[in-house]
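Have a look at query.txt below; it lists compact mmCIF, C-alpha atoms.
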# COMPACT_ATOMS: atom_id res chain seq x y z
CA LEU A 184 -61.39 44.16 -9.68
CA MET A 185 -63.83 42.15 -11.81
CA PRO A 186 -63.23 38.40 -11.28
CA ASN A 187 -62.45 36.50 -14.46
CA LEU A 188 -65.26 33.98 -15.02
CA VAL A 189 -64.28 31.07 -17.24
CA GLN A 190 -65.66 27.56 -17.69
CA THR A 191 -64.45 24.00 -17.88
CA LEU A 192 -64.98 21.73 -20.89
CA GLU A 193 -68.12 20.49 -19.12
CA ASN A 194 -69.45 24.03 -18.53
CA ASN A 195 -68.62 24.23 -14.82
CA PRO A 196 -67.90 27.81 -13.71
CA ALA A 197 -64.42 28.70 -12.52
CA ILE A 198 -63.38 32.11 -11.20
CA ILE A 199 -59.73 32.99 -11.81
CA HIS A 200 -58.78 36.08 -9.85
CA GLY A 201 -55.42 37.14 -8.46
CA GLY A 202 -52.07 38.57 -9.45
CA PRO A 203 -49.69 36.67 -11.75
CA PHE A 204 -47.83 35.36 -8.71
CA ALA A 205 -50.84 34.58 -6.54
CA ASN A 206 -49.83 30.97 -6.01
CA ILE A 207 -46.36 31.97 -4.89
CA ALA A 208 -47.24 35.03 -2.83
CA HIS A 209 -50.03 33.74 -0.60
CA GLY A 210 -51.02 30.47 -2.18
CA CYS A 211 -54.55 31.14 -3.43
CA ASN A 212 -56.92 33.34 -5.39
CA SER A 213 -58.59 36.52 -4.15
CA VAL A 214 -61.14 36.98 -1.37
CA ILE A 215 -63.46 38.55 -3.95
CA ALA A 216 -63.39 35.39 -6.07
CA THR A 217 -64.14 33.10 -3.14
CA LYS A 218 -66.92 35.21 -1.64
CA THR A 219 -68.53 35.68 -5.05
CA SER A 220 -68.42 31.93 -5.63
CA LEU A 221 -69.93 31.18 -2.22
CA GLN A 222 -72.97 33.26 -3.13
CA LEU A 223 -73.46 31.40 -6.41
CA SER A 224 -73.03 27.73 -5.52
CA ASP A 225 -73.34 25.07 -2.81
CA TYR A 226 -69.67 24.04 -2.88
CA VAL A 227 -66.59 26.12 -3.65
CA ILE A 228 -63.18 24.56 -4.23
CA THR A 229 -60.10 26.76 -3.81
CA GLU A 230 -56.79 25.68 -5.31
CA ALA A 231 -54.58 26.76 -2.43
CA GLY A 232 -51.12 26.89 -3.90
CA PHE A 233 -48.43 24.25 -3.59
CA GLY A 234 -48.66 21.66 -0.84
CA ALA A 235 -50.06 21.66 2.68
CA ASP A 236 -47.17 23.84 3.85
CA LEU A 237 -46.63 26.79 1.52
CA GLY A 238 -50.13 26.79 0.02
CA ALA A 239 -52.62 25.53 2.59
CA GLU A 240 -50.98 27.17 5.61
CA LYS A 241 -51.06 30.60 4.00
CA PHE A 242 -54.58 30.07 2.66
CA ILE A 243 -55.87 29.19 6.13
CA ASP A 244 -53.78 31.38 8.42
CA ILE A 245 -53.84 34.48 6.21
CA LYS A 246 -56.74 34.45 3.76
CA CYS A 247 -59.35 32.60 5.83
CA ARG A 248 -58.47 34.59 8.94
CA LYS A 249 -58.66 38.00 7.26
CA ALA A 250 -61.75 37.17 5.18
CA ASP A 251 -63.64 35.32 7.96
CA LEU A 252 -63.82 32.13 5.90
CA THR A 253 -64.21 28.65 7.40
CA PRO A 254 -63.11 25.77 5.18
CA ASN A 255 -64.97 22.48 5.68
CA ALA A 256 -62.62 19.88 4.20
CA VAL A 257 -59.36 19.47 2.32
CA VAL A 258 -58.47 17.49 -0.82
CA LEU A 259 -54.79 16.60 -1.06
CA VAL A 260 -53.79 15.76 -4.62
CA ALA A 261 -51.13 13.06 -5.00
CA THR A 262 -49.66 11.14 -7.92
CA ILE A 263 -48.01 7.75 -7.99
CA ARG A 264 -45.23 9.29 -10.07
CA ALA A 265 -44.43 11.95 -7.47
CA LEU A 266 -44.49 9.45 -4.62
CA LYS A 267 -42.06 7.20 -6.49
CA MET A 268 -39.77 10.17 -7.11
CA HIS A 269 -39.91 11.00 -3.39
CA GLY A 270 -39.04 7.34 -2.86
CA GLY A 271 -35.80 7.73 -4.82
CA VAL A 272 -36.79 6.70 -8.35
CA ALA A 273 -35.11 8.59 -11.21
CA LYS A 274 -37.41 10.59 -13.49
CA GLY A 275 -36.70 8.31 -16.46
CA ASP A 276 -37.81 5.23 -14.51
CA LEU A 277 -41.11 6.54 -13.15
CA SER A 278 -43.17 4.53 -15.65
CA ASN A 279 -41.90 1.24 -14.19
CA GLU A 280 -43.88 -0.37 -11.38
CA ASN A 281 -42.17 0.12 -8.01
CA ILE A 282 -44.26 -0.67 -4.94
CA GLU A 283 -41.45 -0.09 -2.46
CA ALA A 284 -40.78 3.40 -3.84
CA VAL A 285 -44.46 4.27 -3.43
CA LYS A 286 -44.31 3.18 0.21
CA SER A 287 -41.04 5.02 0.81
CA GLY A 288 -42.35 8.20 -0.80
CA MET A 289 -45.37 8.14 1.50
CA SER A 290 -43.34 9.98 4.15
CA ASN A 291 -43.86 13.18 2.13
CA LEU A 292 -47.62 12.67 1.80
CA LYS A 293 -47.96 11.74 5.47
CA ARG A 294 -46.39 15.05 6.42
CA HIS A 295 -48.94 16.97 4.35
CA VAL A 296 -51.79 15.01 5.97
CA SER A 297 -50.33 15.73 9.40
CA ASN A 298 -50.11 19.45 8.58
CA ILE A 299 -53.76 19.60 7.50
CA LYS A 300 -54.95 17.81 10.63
CA LYS A 301 -53.31 20.51 12.75
CA PHE A 302 -56.10 22.81 11.50
CA GLY A 303 -58.81 20.37 12.62
CA LEU A 304 -59.94 19.71 9.04
CA PRO A 305 -60.96 16.34 7.54
CA VAL A 306 -58.89 15.32 4.53
CA VAL A 307 -59.18 12.98 1.54
CA ILE A 308 -56.42 12.01 -0.90
CA ALA A 309 -57.17 12.42 -4.61
CA ILE A 310 -54.93 10.12 -6.65
CA ASN A 311 -54.46 11.99 -9.93
CA HIS A 312 -54.26 8.95 -12.22
CA PHE A 313 -51.59 8.61 -14.90
CA VAL A 314 -51.78 5.95 -17.62
CA ALA A 315 -48.58 4.27 -16.39
CA ASP A 316 -49.93 3.78 -12.85
CA THR A 317 -50.48 0.12 -12.02
CA GLU A 318 -53.27 -1.38 -9.92
CA ASN A 319 -50.66 -2.69 -7.47
CA GLU A 320 -49.20 0.77 -6.97
CA ILE A 321 -52.62 2.34 -6.45
CA GLN A 322 -53.55 -0.37 -3.97
CA ALA A 323 -50.26 0.15 -2.10
CA LEU A 324 -50.99 3.86 -1.81
CA GLN A 325 -54.54 3.22 -0.62
CA ASP A 326 -53.30 0.73 1.98
CA GLU A 327 -50.68 3.18 3.26
CA CYS A 328 -53.29 5.93 3.51
CA GLN A 329 -55.69 3.62 5.32
CA ASN A 330 -52.98 3.00 7.92
CA ILE A 331 -53.04 6.71 8.82
CA GLY A 332 -56.83 6.94 8.75
CA VAL A 333 -57.23 8.72 5.42
CA GLU A 334 -59.07 7.53 2.32
CA ALA A 335 -57.31 7.69 -1.06
CA ILE A 336 -59.54 7.78 -4.14
CA PRO A 337 -58.31 7.21 -7.72
CA CYS A 338 -59.44 10.04 -10.01
CA HIS A 339 -59.69 9.59 -13.79
CA HIS A 340 -60.83 13.09 -14.74
CA TRP A 341 -57.97 13.45 -17.25
CA SER A 342 -59.38 10.63 -19.39
CA LYS A 343 -63.07 10.62 -18.40
CA GLY A 344 -63.81 14.22 -17.42
CA GLY A 345 -66.15 14.87 -14.51
CA ALA A 346 -67.43 11.30 -14.57
CA GLY A 347 -63.95 10.16 -13.57
CA ALA A 348 -64.04 12.12 -10.30
CA THR A 349 -67.58 11.53 -9.01
CA GLU A 350 -66.39 9.23 -6.21
CA LEU A 351 -64.09 11.98 -4.96
CA ALA A 352 -66.89 14.56 -5.20
CA ALA A 353 -69.20 12.36 -3.13
CA LYS A 354 -66.50 12.00 -0.47
CA VAL A 355 -65.94 15.77 -0.34
CA VAL A 356 -69.68 16.28 0.23
CA GLU A 357 -69.57 13.69 3.02
CA LEU A 358 -66.55 15.30 4.72
CA ALA A 359 -68.01 18.80 4.40
CA LYS A 360 -70.97 17.73 6.54
CA LYS A 361 -68.79 16.65 9.46
CA PRO A 362 -69.04 18.65 12.71
CA GLU A 363 -66.86 21.74 12.56
CA ALA A 364 -63.50 21.46 14.34
CA PHE A 365 -61.61 24.09 12.34
CA LYS A 366 -58.89 26.11 14.06
CA PHE A 367 -56.01 28.36 13.09
CA LEU A 368 -52.43 27.32 13.72
CA TYR A 369 -51.79 30.34 15.95
CA GLU A 370 -53.80 33.10 17.61
CA ASP A 371 -53.76 36.76 16.57
CA ASP A 372 -52.43 38.09 19.85
CA ILE A 373 -49.13 36.19 20.16
CA SER A 374 -45.94 37.98 19.13
CA LEU A 375 -44.75 38.03 15.51
CA PHE A 376 -41.67 36.01 16.44
CA ASP A 377 -43.84 33.41 18.18
CA LYS A 378 -45.95 33.18 15.01
CA ILE A 379 -42.82 32.60 12.94
CA THR A 380 -41.62 29.97 15.42
CA THR A 381 -45.00 28.21 15.46
CA ILE A 382 -45.13 27.93 11.66
CA ALA A 383 -41.51 26.76 11.43
CA LYS A 384 -41.94 24.09 14.10
CA GLU A 385 -45.47 22.86 13.39
CA ILE A 386 -45.50 22.98 9.58
CA TYR A 387 -41.83 22.65 8.59
CA ASP A 388 -40.68 20.50 11.55
CA ALA A 389 -37.94 22.90 12.67
CA ASP A 390 -36.33 22.32 16.07
CA GLU A 391 -35.99 26.02 16.81
CA VAL A 392 -35.85 29.44 15.19
CA ILE A 393 -32.85 31.69 15.77
CA ALA A 394 -32.75 35.37 14.86
CA ASP A 395 -30.23 38.09 15.68
CA SER A 396 -31.06 41.26 17.58
CA LYS A 397 -31.60 43.23 14.37
CA ILE A 398 -34.49 40.94 13.38
CA HIS A 399 -36.01 40.99 16.86
CA GLY A 400 -35.78 44.80 16.81
CA GLN A 401 -37.50 44.96 13.42
CA LEU A 402 -40.33 42.72 14.60
CA LYS A 403 -40.77 44.82 17.74
CA GLN A 404 -40.94 47.94 15.57
CA PHE A 405 -43.69 46.33 13.50
CA GLU A 406 -45.60 45.56 16.70
CA ASP A 407 -45.07 49.07 18.10
CA ASN A 408 -46.45 50.46 14.83
CA GLY A 409 -49.64 48.45 15.22
CA TYR A 410 -48.87 45.51 12.94
CA GLY A 411 -48.57 42.88 15.66
CA LYS A 412 -51.77 41.13 14.67
CA PHE A 413 -50.67 40.63 11.07
Take the structure in the file and give it back as structure tokens.
Amino acid sequence: LMPNLVQTLENNPAIIHGGPFANIAHGCNSVIATKTSLQLSDYVITEAGFGADLGAEKFIDIKCRKADLTPNAVVLVATIRALKMHGGVAKGDLSNENIEAVKSGMSNLKRHVSNIKKFGLPVVIAINHFVADTENEIQALQDECQNIGVEAIPCHHWSKGGAGATELAAKVVELAKKPEAFKFLYEDDISLFDKITTIAKEIYDADEVIADSKIHGQLKQFEDNGYGKF
């Protein structure tokens, strides 16, 4: 159960603790790692899996709920390359400037921002800078983010280390001081099927959830056995 304490190239502590499939199973590291970190530092950053659907939703609705943790802010990491791919650009052409593809690919990022805001948390976009990114593309992304009320900050930590992400760090500190408005996506006491429906509709934009009688019976059995609040 001992958390694995490692360090960055700049001697910042990092606690790696969880099974080999932690990111896939519930999207984040262990409760032990987070609570240990909170006792040792002023700010703790959790890498919560993949995206603001699979990763963040599970981190908040499962881990934070069960461990009585209250996150203060969220950093969404985006790349120009990924946005252009979402905008229809082939992988081999991602190094070419394409403003329209950046704008088109924003629909994906907007959805992640929308998901985070459902939890009442402030959010900032970290633009993980690649050498092929152009100033025009970065500006286009920042303009698109500004239109939805979110700041996007270029981060050059790959080339400059910690010094390349100080603007982002300052923004995280600012957001963390905002009045608390955190909330879970669903309450403990609704049915398991209603929890499934809520996640599917609110996070994945489903119109409805359909299940046959066998599934409904299984969920009722879980509830009868005392697992309804899971």
| Among the residues A:Asn194, A:Asn255, A:Ser297, A:Asn319, the one that comes closest to A:Glu280 [using only C-alpha atoms] |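 Among A:Asn194, A:Asn255, A:Ser297, A:Asn319, it is A:Asn319 that comes nearest to A:Glu280.
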Considering all atoms listed in the file, give me a table of residues in stretch 246-335 of chain A that are at most 10 Å from stretch 344-360 of chain A, with the closest atom pair and distance in Å for each, as a tab-separated table.
residue	atom	partner	partner_atom	distance
A:Pro254	CA	A:Ala359	CA	8.6
A:Asn255	CA	A:Ala359	CA	4.9
A:Ala256	CA	A:Ala359	CA	5.5
A:Val257	CA	A:Val355	CA	8.0
A:Val258	CA	A:Val355	CA	7.7
A:Leu304	CA	A:Leu358	CA	9.0
A:Pro305	CA	A:Leu358	CA	6.3
A:Val306	CA	A:Leu358	CA	7.7
A:Val307	CA	A:Val355	CA	7.6
A:Ile308	CA	A:Leu351	CA	8.7
A:Ala309	CA	A:Leu351	CA	6.9
A:Ile310	CA	A:Leu351	CA	9.5
A:Asn311	CA	A:Ala348	CA	9.6
A:His312	CA	A:Gly347	CA	9.9
A:Glu334	CA	A:Lys354	CA	9.1
A:Ala335	CA	A:Leu351	CA	8.9
| query | Taking into account all atoms listed in the file, which residue in the set A:Ser374, A:Thr381, A:Thr253, A:Asn212 is nearest to A:Lys412? | reply | A:Ser374
| said: Could you check the closest approach to A:Glu363 for each of A:Ala273, A:Phe302, A:Ile331, A:Phe233 and tell me which residue wins, using only C-alpha atoms? | reply: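 Among the listed residues, A:Phe302 lies closest to A:Glu363.
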| field | Point-to-point distance in Å for atom CA of A:Val227 and atom CA of A:Met289 | value | 28.3 Å
| query | When distances are computed from all atoms listed in the file, which of A:Leu402, A:Leu368, A:Ala284, A:Val314 shows the smallest separation from A:Ser342? | reply |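 When distances to A:Ser342 are compared using all atoms listed in the file, the smallest one comes from A:Val314.
The closest residue to A:Gly232, picked from A:Ala383, A:Cys338, A:Val189, A:Cys211 and counting only C-alpha atoms, is A:Cys211.
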| query | What does the distance between atom CA of A:Pro362 and atom CA of A:Gly303 come to in Å, to one decimal place? | reply |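 Computed distance, atom CA of A:Pro362 to atom CA of A:Gly303, equals 10.4 Å.
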| field | For A:Thr217, the nearest of the candidates A:Gly238, A:Gly201, A:Gly411, A:Gly400, counting only C-alpha atoms | value |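 The answer is A:Gly201, which sits nearest to A:Thr217.
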| request: For atom CA of A:Ser287 and atom CA of A:Leu324, quote the distance in Å rounded to one decimal. | output: 10.4 Å
| request: Within 9 Å of stretch 292-296 of chain A, counting all atoms listed in the file, which residues show up once you throw out same-chain ones fewer than 2 positions away? Write them as a PyMOL selection string, please. | output: chain A and resi 234-236+259+261+266+288-290+298-301+306-308+328+331+333+386
Write to file, as a tab-separated table (two decimals), keeping the file's coordinate frame, the residues of the selection just made, with C-alpha atoms.
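Below is the file part12.tsv, written as the result:
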chain	number	residue	atom	x	y	z
A	234	GLY	CA	-48.66	21.66	-0.84
A	235	ALA	CA	-50.06	21.66	2.68
A	236	ASP	CA	-47.17	23.84	3.85
A	259	LEU	CA	-54.79	16.60	-1.06
A	261	ALA	CA	-51.13	13.06	-5.00
A	266	LEU	CA	-44.49	9.45	-4.62
A	288	GLY	CA	-42.35	8.20	-0.80
A	289	MET	CA	-45.37	8.14	1.50
A	290	SER	CA	-43.34	9.98	4.15
A	298	ASN	CA	-50.11	19.45	8.58
A	299	ILE	CA	-53.76	19.60	7.50
A	300	LYS	CA	-54.95	17.81	10.63
A	301	LYS	CA	-53.31	20.51	12.75
A	306	VAL	CA	-58.89	15.32	4.53
A	307	VAL	CA	-59.18	12.98	1.54
A	308	ILE	CA	-56.42	12.01	-0.90
A	328	CYS	CA	-53.29	5.93	3.51
A	331	ILE	CA	-53.04	6.71	8.82
A	333	VAL	CA	-57.23	8.72	5.42
A	386	ILE	CA	-45.50	22.98	9.58
Repair of stretch 237-250 of chain A at the level of N, CA, C and O atoms, as a PDB file, in the frame of the given file:
ATOM      1  N   LEU A 237     -46.604  25.457   2.137  1.00  0.00           N
ATOM      2  CA  LEU A 237     -46.630  26.790   1.520  1.00  0.00           C
ATOM      3  C   LEU A 237     -48.048  27.241   1.164  1.00  0.00           C
ATOM      4  O   LEU A 237     -48.466  28.339   1.499  1.00  0.00           O
ATOM      5  N   GLY A 238     -48.812  26.380   0.506  1.00  0.00           N
ATOM      6  CA  GLY A 238     -50.130  26.790   0.020  1.00  0.00           C
ATOM      7  C   GLY A 238     -51.206  26.806   1.081  1.00  0.00           C
ATOM      8  O   GLY A 238     -51.775  27.850   1.401  1.00  0.00           O
ATOM      9  N   ALA A 239     -51.486  25.644   1.666  1.00  0.00           N
ATOM     10  CA  ALA A 239     -52.620  25.530   2.590  1.00  0.00           C
ATOM     11  C   ALA A 239     -52.423  26.381   3.850  1.00  0.00           C
ATOM     12  O   ALA A 239     -53.360  27.005   4.333  1.00  0.00           O
ATOM     13  N   GLU A 240     -51.207  26.394   4.379  1.00  0.00           N
ATOM     14  CA  GLU A 240     -50.980  27.170   5.610  1.00  0.00           C
ATOM     15  C   GLU A 240     -51.264  28.643   5.390  1.00  0.00           C
ATOM     16  O   GLU A 240     -51.896  29.299   6.221  1.00  0.00           O
ATOM     17  N   LYS A 241     -50.803  29.185   4.279  1.00  0.00           N
ATOM     18  CA  LYS A 241     -51.060  30.600   4.000  1.00  0.00           C
ATOM     19  C   LYS A 241     -52.531  30.847   3.706  1.00  0.00           C
ATOM     20  O   LYS A 241     -53.103  31.853   4.139  1.00  0.00           O
ATOM     21  N   PHE A 242     -53.157  29.933   2.957  1.00  0.00           N
ATOM     22  CA  PHE A 242     -54.580  30.070   2.660  1.00  0.00           C
ATOM     23  C   PHE A 242     -55.394  30.144   3.949  1.00  0.00           C
ATOM     24  O   PHE A 242     -56.271  31.006   4.115  1.00  0.00           O
ATOM     25  N   ILE A 243     -55.086  29.247   4.886  1.00  0.00           N
ATOM     26  CA  ILE A 243     -55.870  29.190   6.130  1.00  0.00           C
ATOM     27  C   ILE A 243     -55.490  30.310   7.078  1.00  0.00           C
ATOM     28  O   ILE A 243     -56.348  31.065   7.549  1.00  0.00           O
ATOM     29  N   ASP A 244     -54.194  30.424   7.378  1.00  0.00           N
ATOM     30  CA  ASP A 244     -53.780  31.380   8.420  1.00  0.00           C
ATOM     31  C   ASP A 244     -53.846  32.834   7.984  1.00  0.00           C
ATOM     32  O   ASP A 244     -53.950  33.728   8.825  1.00  0.00           O
ATOM     33  N   ILE A 245     -53.779  33.095   6.680  1.00  0.00           N
ATOM     34  CA  ILE A 245     -53.840  34.480   6.210  1.00  0.00           C
ATOM     35  C   ILE A 245     -55.203  34.788   5.591  1.00  0.00           C
ATOM     36  O   ILE A 245     -55.968  35.596   6.109  1.00  0.00           O
ATOM     37  N   LYS A 246     -55.529  34.098   4.495  1.00  0.00           N
ATOM     38  CA  LYS A 246     -56.740  34.450   3.760  1.00  0.00           C
ATOM     39  C   LYS A 246     -58.010  34.162   4.562  1.00  0.00           C
ATOM     40  O   LYS A 246     -58.883  35.023   4.694  1.00  0.00           O
ATOM     41  N   CYS A 247     -58.123  32.941   5.092  1.00  0.00           N
ATOM     42  CA  CYS A 247     -59.350  32.600   5.830  1.00  0.00           C
ATOM     43  C   CYS A 247     -59.514  33.455   7.076  1.00  0.00           C
ATOM     44  O   CYS A 247     -60.625  33.846   7.422  1.00  0.00           O
ATOM     45  N   ARG A 248     -58.396  33.763   7.735  1.00  0.00           N
ATOM     46  CA  ARG A 248     -58.470  34.590   8.940  1.00  0.00           C
ATOM     47  C   ARG A 248     -58.949  36.010   8.601  1.00  0.00           C
ATOM     48  O   ARG A 248     -59.864  36.540   9.241  1.00  0.00           O
ATOM     49  N   LYS A 249     -58.333  36.610   7.585  1.00  0.00           N
ATOM     50  CA  LYS A 249     -58.660  38.000   7.260  1.00  0.00           C
ATOM     51  C   LYS A 249     -60.029  38.144   6.609  1.00  0.00           C
ATOM     52  O   LYS A 249     -60.669  39.193   6.705  1.00  0.00           O
ATOM     53  N   ALA A 250     -60.477  37.090   5.912  1.00  0.00           N
ATOM     54  CA  ALA A 250     -61.750  37.170   5.180  1.00  0.00           C
ATOM     55  C   ALA A 250     -62.892  36.508   5.933  1.00  0.00           C
ATOM     56  O   ALA A 250     -64.016  36.464   5.437  1.00  0.00           O
TER      57      ALA A 250
END
